[in-house]
>>> print(open('work.tsv').read())   # TSV, N, CA and C atoms
chain	number	residue	atom	x	y	z
T	1	MET	N	62.40	-48.47	65.51
T	1	MET	CA	62.39	-47.14	64.91
T	1	MET	C	61.10	-46.90	64.14
T	2	LYS	N	60.64	-47.93	63.40
T	2	LYS	CA	59.40	-47.78	62.63
T	2	LYS	C	58.22	-47.56	63.55
T	3	ARG	N	58.20	-48.23	64.70
T	3	ARG	CA	57.09	-48.07	65.64
T	3	ARG	C	57.06	-46.65	66.21
T	4	ILE	N	58.24	-46.13	66.51
T	4	ILE	CA	58.31	-44.76	67.05
T	4	ILE	C	57.80	-43.77	66.01
T	5	LEU	N	58.20	-43.95	64.76
T	5	LEU	CA	57.75	-43.07	63.70
T	5	LEU	C	56.24	-43.16	63.53
T	6	MET	N	55.70	-44.38	63.55
T	6	MET	CA	54.26	-44.57	63.40
T	6	MET	C	53.50	-43.91	64.55
T	7	VAL	N	53.96	-44.06	65.77
T	7	VAL	CA	53.31	-43.44	66.92
T	7	VAL	C	53.38	-41.92	66.79
T	8	SER	N	54.51	-41.40	66.33
T	8	SER	CA	54.66	-39.96	66.15
T	8	SER	C	53.67	-39.44	65.12
T	9	LEU	N	53.52	-40.14	64.01
T	9	LEU	CA	52.58	-39.71	62.98
T	9	LEU	C	51.15	-39.77	63.48
T	10	ILE	N	50.80	-40.81	64.21
T	10	ILE	CA	49.45	-40.91	64.77
T	10	ILE	C	49.22	-39.77	65.76
T	11	GLY	N	50.19	-39.49	66.60
T	11	GLY	CA	50.08	-38.39	67.55
T	11	GLY	C	49.88	-37.06	66.86
T	12	MET	N	50.55	-36.82	65.75
T	12	MET	CA	50.42	-35.58	65.02
T	12	MET	C	49.02	-35.45	64.43
T	13	THR	N	48.45	-36.52	63.91
T	13	THR	CA	47.12	-36.43	63.33
T	13	THR	C	46.07	-36.18	64.40
T	14	ILE	N	46.33	-36.59	65.62
T	14	ILE	CA	45.40	-36.33	66.70
T	14	ILE	C	45.55	-34.90	67.21
T	15	VAL	N	46.76	-34.40	67.29
T	15	VAL	CA	47.02	-33.06	67.84
T	15	VAL	C	46.60	-31.95	66.87
T	16	LEU	N	46.86	-32.10	65.60
T	16	LEU	CA	46.58	-31.01	64.66
T	16	LEU	C	45.12	-30.57	64.64
T	17	PRO	N	44.13	-31.48	64.53
T	17	PRO	CA	42.75	-31.00	64.54
T	17	PRO	C	42.36	-30.32	65.86
T	18	LEU	N	42.94	-30.75	66.97
T	18	LEU	CA	42.61	-30.14	68.25
T	18	LEU	C	43.14	-28.72	68.36
T	19	SER	N	44.17	-28.38	67.60
T	19	SER	CA	44.74	-27.04	67.67
T	19	SER	C	44.01	-26.05	66.76
T	20	ALA	N	43.05	-26.54	65.98
T	20	ALA	CA	42.27	-25.66	65.11
T	20	ALA	C	41.42	-24.73	65.97
T	21	LYS	N	41.32	-23.51	65.56
T	21	LYS	CA	40.57	-22.49	66.29
T	21	LYS	C	39.60	-21.81	65.33
T	22	THR	N	38.63	-21.13	65.93
T	22	THR	CA	37.68	-20.35	65.15
T	22	THR	C	37.75	-18.91	65.64
T	23	VAL	N	37.81	-17.99	64.71
T	23	VAL	CA	37.81	-16.56	65.03
T	23	VAL	C	36.63	-15.95	64.28
T	24	ARG	N	35.90	-15.10	64.97
T	24	ARG	CA	34.74	-14.46	64.37
T	24	ARG	C	34.95	-12.96	64.35
T	25	GLY	N	34.72	-12.32	63.20
T	25	GLY	CA	34.90	-10.88	63.10
T	25	GLY	C	34.72	-10.41	61.67
T	26	THR	N	35.28	-9.26	61.36
T	26	THR	CA	35.19	-8.71	60.00
T	26	THR	C	36.58	-8.49	59.43
T	27	ILE	N	36.68	-8.71	58.12
T	27	ILE	CA	37.93	-8.53	57.39
T	27	ILE	C	38.13	-7.04	57.11
T	28	LYS	N	39.34	-6.59	57.32
T	28	LYS	CA	39.69	-5.19	57.06
T	28	LYS	C	41.08	-5.14	56.43
T	29	VAL	N	41.34	-4.03	55.74
T	29	VAL	CA	42.68	-3.77	55.23
T	29	VAL	C	43.34	-2.81	56.21
T	30	PHE	N	44.49	-3.19	56.72
T	30	PHE	CA	45.22	-2.39	57.69
T	30	PHE	C	46.45	-1.76	57.04
T	31	GLY	N	46.86	-0.61	57.54
T	31	GLY	CA	48.06	0.06	57.04
T	31	GLY	C	47.73	1.07	55.96
T	32	THR	N	48.79	1.65	55.40
T	32	THR	CA	48.63	2.63	54.32
T	32	THR	C	49.44	2.16	53.12
T	33	GLU	N	49.00	2.61	51.95
T	33	GLU	CA	49.70	2.24	50.71
T	33	GLU	C	51.14	2.70	50.78
T	34	PRO	N	52.08	1.99	50.32
T	34	PRO	CA	51.99	0.70	49.63
T	34	PRO	C	52.13	-0.48	50.59
T	35	GLN	N	52.11	-0.26	51.89
T	35	GLN	CA	52.33	-1.31	52.89
T	35	GLN	C	51.02	-1.70	53.58
T	36	THR	N	50.06	-2.24	52.84
T	36	THR	CA	48.81	-2.66	53.44
T	36	THR	C	48.84	-4.16	53.72
T	37	SER	N	48.00	-4.58	54.68
T	37	SER	CA	47.89	-6.01	54.97
T	37	SER	C	46.44	-6.33	55.29
T	38	LEU	N	46.07	-7.57	55.00
T	38	LEU	CA	44.72	-8.03	55.25
T	38	LEU	C	44.66	-8.64	56.64
T	39	GLY	N	43.60	-8.31	57.38
T	39	GLY	CA	43.47	-8.83	58.73
T	39	GLY	C	42.02	-8.98	59.12
T	40	ILE	N	41.81	-9.53	60.30
T	40	ILE	CA	40.46	-9.65	60.85
T	40	ILE	C	40.43	-8.94	62.19
T	41	GLU	N	39.34	-8.22	62.42
T	41	GLU	CA	39.12	-7.58	63.71
T	41	GLU	C	37.92	-8.26	64.35
T	42	THR	N	38.13	-8.81	65.54
T	42	THR	CA	37.08	-9.53	66.24
T	42	THR	C	36.16	-8.55	66.96
T	43	SER	N	35.02	-9.05	67.44
T	43	SER	CA	34.05	-8.20	68.12
T	43	SER	C	34.61	-7.62	69.43
T	44	ASP	N	35.61	-8.29	70.02
T	44	ASP	CA	36.22	-7.76	71.24
T	44	ASP	C	37.45	-6.90	70.96
T	45	GLY	N	37.65	-6.53	69.68
T	45	GLY	CA	38.70	-5.59	69.33
T	45	GLY	C	40.07	-6.17	69.03
T	46	LYS	N	40.21	-7.48	69.05
T	46	LYS	CA	41.51	-8.09	68.72
T	46	LYS	C	41.72	-8.04	67.21
T	47	GLN	N	43.00	-7.89	66.81
T	47	GLN	CA	43.35	-7.79	65.40
T	47	GLN	C	44.42	-8.82	65.06
T	48	TYR	N	44.11	-9.66	64.05
T	48	TYR	CA	45.03	-10.70	63.60
T	48	TYR	C	45.30	-10.52	62.11
T	49	GLY	N	46.57	-10.60	61.73
T	49	GLY	CA	46.92	-10.61	60.32
T	49	GLY	C	46.50	-11.94	59.71
T	50	ILE	N	46.15	-11.92	58.43
T	50	ILE	CA	45.69	-13.11	57.72
T	50	ILE	C	46.85	-13.77	56.99
T	51	ILE	N	46.98	-15.09	57.20
T	51	ILE	CA	47.95	-15.90	56.46
T	51	ILE	C	47.14	-16.94	55.70
T	52	THR	N	47.26	-16.97	54.40
T	52	THR	CA	46.53	-17.95	53.59
T	52	THR	C	47.05	-17.93	52.16
T	53	GLY	N	46.52	-18.81	51.33
T	53	GLY	CA	46.91	-18.87	49.93
T	53	GLY	C	46.30	-17.73	49.12
T	54	THR	N	46.77	-17.55	47.92
T	54	THR	CA	46.37	-16.43	47.07
T	54	THR	C	44.88	-16.42	46.75
T	55	ILE	N	44.31	-17.56	46.40
T	55	ILE	CA	42.89	-17.61	46.01
T	55	ILE	C	42.00	-17.28	47.20
T	56	LEU	N	42.24	-17.90	48.33
T	56	LEU	CA	41.44	-17.63	49.52
T	56	LEU	C	41.65	-16.20	49.98
T	57	ARG	N	42.84	-15.67	49.83
T	57	ARG	CA	43.13	-14.28	50.21
T	57	ARG	C	42.27	-13.31	49.38
T	58	GLU	N	42.14	-13.58	48.08
T	58	GLU	CA	41.31	-12.74	47.22
T	58	GLU	C	39.84	-12.82	47.63
T	59	GLU	N	39.38	-14.03	47.97
T	59	GLU	CA	38.00	-14.19	48.43
T	59	GLU	C	37.77	-13.39	49.70
T	60	LEU	N	38.69	-13.49	50.65
T	60	LEU	CA	38.55	-12.75	51.91
T	60	LEU	C	38.60	-11.25	51.68
T	61	PHE	N	39.45	-10.80	50.77
T	61	PHE	CA	39.54	-9.37	50.44
T	61	PHE	C	38.18	-8.87	49.97
T	62	ASN	N	37.48	-9.68	49.19
T	62	ASN	CA	36.16	-9.30	48.67
T	62	ASN	C	35.06	-9.39	49.73
T	63	GLN	N	35.37	-9.93	50.89
T	63	GLN	CA	34.39	-10.06	51.97
T	63	GLN	C	34.59	-8.99	53.06
T	64	GLN	N	35.29	-7.91	52.74
T	64	GLN	CA	35.53	-6.86	53.72
T	64	GLN	C	34.23	-6.33	54.30
T	65	GLY	N	34.18	-6.20	55.62
T	65	GLY	CA	33.00	-5.66	56.29
T	65	GLY	C	31.89	-6.66	56.56
T	66	VAL	N	32.00	-7.86	56.00
T	66	VAL	CA	30.98	-8.89	56.19
T	66	VAL	C	31.37	-9.73	57.41
T	67	PRO	N	30.43	-10.00	58.32
T	67	PRO	CA	30.76	-10.85	59.48
T	67	PRO	C	31.12	-12.27	59.02
T	68	LEU	N	32.30	-12.73	59.42
T	68	LEU	CA	32.79	-14.05	59.00
T	68	LEU	C	33.23	-14.87	60.20
T	69	ARG	N	33.26	-16.17	60.01
T	69	ARG	CA	33.86	-17.09	60.97
T	69	ARG	C	35.01	-17.77	60.24
T	70	LEU	N	36.23	-17.54	60.71
T	70	LEU	CA	37.41	-18.15	60.10
T	70	LEU	C	37.82	-19.37	60.91
T	71	LYS	N	38.14	-20.44	60.20
T	71	LYS	CA	38.65	-21.63	60.88
T	71	LYS	C	40.12	-21.78	60.50
T	72	GLY	N	40.96	-22.02	61.49
T	72	GLY	CA	42.39	-22.14	61.25
T	72	GLY	C	43.15	-22.23	62.55
T	73	LYS	N	44.25	-21.49	62.61
T	73	LYS	CA	45.10	-21.57	63.79
T	73	LYS	C	45.68	-20.19	64.11
T	74	LYS	N	45.53	-19.80	65.39
T	74	LYS	CA	46.13	-18.54	65.84
T	74	LYS	C	47.62	-18.72	65.98
T	75	GLN	N	48.35	-17.66	65.67
T	75	GLN	CA	49.79	-17.66	65.85
T	75	GLN	C	50.17	-16.42	66.64
T	76	LYS	N	50.95	-16.62	67.68
T	76	LYS	CA	51.32	-15.52	68.58
T	76	LYS	C	52.09	-14.44	67.84
T	77	LYS	N	51.99	-13.24	68.36
T	77	LYS	CA	52.74	-12.12	67.80
T	77	LYS	C	54.22	-12.44	67.87
T	78	GLY	N	54.92	-12.20	66.76
T	78	GLY	CA	56.35	-12.47	66.68
T	78	GLY	C	56.68	-13.71	65.86
T	79	GLN	N	55.69	-14.60	65.66
T	79	GLN	CA	55.94	-15.80	64.86
T	79	GLN	C	55.95	-15.48	63.37
T	80	ASN	N	55.18	-14.48	62.96
T	80	ASN	CA	55.08	-14.07	61.56
T	80	ASN	C	55.14	-12.56	61.45
T	81	PRO	N	56.32	-11.97	61.63
T	81	PRO	CA	56.43	-10.51	61.66
T	81	PRO	C	55.88	-9.80	60.43
T	82	GLN	N	55.90	-10.46	59.28
T	82	GLN	CA	55.42	-9.80	58.06
T	82	GLN	C	53.90	-9.68	58.03
T	83	THR	N	53.18	-10.57	58.71
T	83	THR	CA	51.73	-10.53	58.69
T	83	THR	C	51.11	-10.15	60.02
T	84	ASP	N	51.90	-10.10	61.09
T	84	ASP	CA	51.36	-9.81	62.42
T	84	ASP	C	50.65	-8.47	62.47
T	85	LEU	N	49.53	-8.48	63.18
T	85	LEU	CA	48.89	-7.24	63.58
T	85	LEU	C	49.02	-7.16	65.09
T	86	GLU	N	48.22	-6.37	65.73
T	86	GLU	CA	48.36	-6.11	67.16
T	86	GLU	C	48.36	-7.37	68.03
T	87	ASP	N	47.55	-8.38	67.67
T	87	ASP	CA	47.42	-9.58	68.49
T	87	ASP	C	48.02	-10.83	67.84
T	88	GLY	N	48.76	-10.68	66.75
T	88	GLY	CA	49.39	-11.81	66.09
T	88	GLY	C	48.83	-12.05	64.70
T	89	SER	N	48.86	-13.31	64.29
T	89	SER	CA	48.38	-13.71	62.97
T	89	SER	C	47.43	-14.88	63.09
T	90	PHE	N	46.68	-15.12	62.02
T	90	PHE	CA	45.75	-16.25	61.99
T	90	PHE	C	45.91	-16.94	60.64
T	91	TYR	N	46.28	-18.23	60.70
T	91	TYR	CA	46.40	-19.03	59.49
T	91	TYR	C	45.01	-19.55	59.13
T	92	VAL	N	44.46	-19.11	58.01
T	92	VAL	CA	43.08	-19.43	57.63
T	92	VAL	C	43.05	-20.69	56.76
T	93	LYS	N	42.23	-21.66	57.19
T	93	LYS	CA	42.01	-22.86	56.40
T	93	LYS	C	40.69	-22.76	55.64
T	94	SER	N	39.67	-22.16	56.25
T	94	SER	CA	38.37	-21.99	55.61
T	94	SER	C	37.61	-20.88	56.31
T	95	TYR	N	36.51	-20.45	55.69
T	95	TYR	CA	35.68	-19.42	56.31
T	95	TYR	C	34.22	-19.64	55.95
T	96	THR	N	33.34	-19.07	56.77
T	96	THR	CA	31.92	-19.08	56.48
T	96	THR	C	31.36	-17.69	56.82
T	97	VAL	N	30.34	-17.31	56.09
T	97	VAL	CA	29.67	-16.04	56.35
T	97	VAL	C	28.71	-16.26	57.51
T	98	VAL	N	28.73	-15.34	58.48
T	98	VAL	CA	27.86	-15.42	59.66
T	98	VAL	C	26.57	-14.70	59.32
T	99	GLN	N	25.46	-15.36	59.51
T	99	GLN	CA	24.15	-14.77	59.22
T	99	GLN	C	23.68	-13.87	60.32
>>> encode(input="work.tsv", output="structure tokens")
Amino acid sequence: MKRILMVSLIGMTIVLPLSAKTVRGTIKVFGTEPQTSLGIETSDGKQYGIITGTILREELFNQQGVPLRLKGKKQKKGQNPQTDLEDGSFYVKSYTVVQ
């Protein structure tokens, strides 16, 4: 049993980094008051709702209109109905400003 658990944990550490994705676009506020949500619109017109912690969310809010590269994981539409935009959601782990 311990060997199976160890193999499972090793497998998870290998799979998780491979599932990381990068999305490039600009941060926008979608919706109308009082039901607004933060999202990213990519250069090809895809829209993903942002899922992240409070501090990073505030940083991203202040980066509206600035070209960014977000690193994290895409989530299909329907997995997070509260944050989904037209093409789903994106769980943000980090971001960088694109020059």
>>> closest_residue(input="work.tsv", among="T:Ile40, T:Val29, T:Val23, T:Ile55", to="T:Lys74", atoms="all atoms listed in the file")
T:Val23
>>> closest_residue(input="work.tsv", among="T:Pro34, T:Lys28, T:Gly39, T:Gln64", to="T:Ile51", atoms="only N, CA and C atoms")
T:Gly39
>>> atom_distance(input="work.tsv", atom1="atom CA of T:Asn62", atom2="atom N of T:Ile27")
9.5 Å
>>> atom_distance(input="work.tsv", atom1="atom C of T:Val97", atom2="atom C of T:Lys77")
27.8 Å
>>> closest_residue(input="work.tsv", among="T:Phe30, T:Thr52, T:Asp44, T:Gln63", to="T:Val92", atoms="only N, CA and C atoms")
T:Thr52
>>> closest_residue(input="work.tsv", among="T:Gly53, T:Tyr95, T:Ser37, T:Val66", to="T:Thr83", atoms="all atoms listed in the file")
T:Ser37
>>> closest_residue(input="work.tsv", among="T:Thr32, T:Thr96, T:Ser43, T:Thr54", to="T:Leu68", atoms="all atoms listed in the file")
T:Thr96
>>> residues_around(input="work.tsv", residues="T:Glu41", least_positions_apart="4", cutoff="6.5 Å", atoms="only N, CA and C atoms", output="ChimeraX atom specification")
/T:24-28,45-48
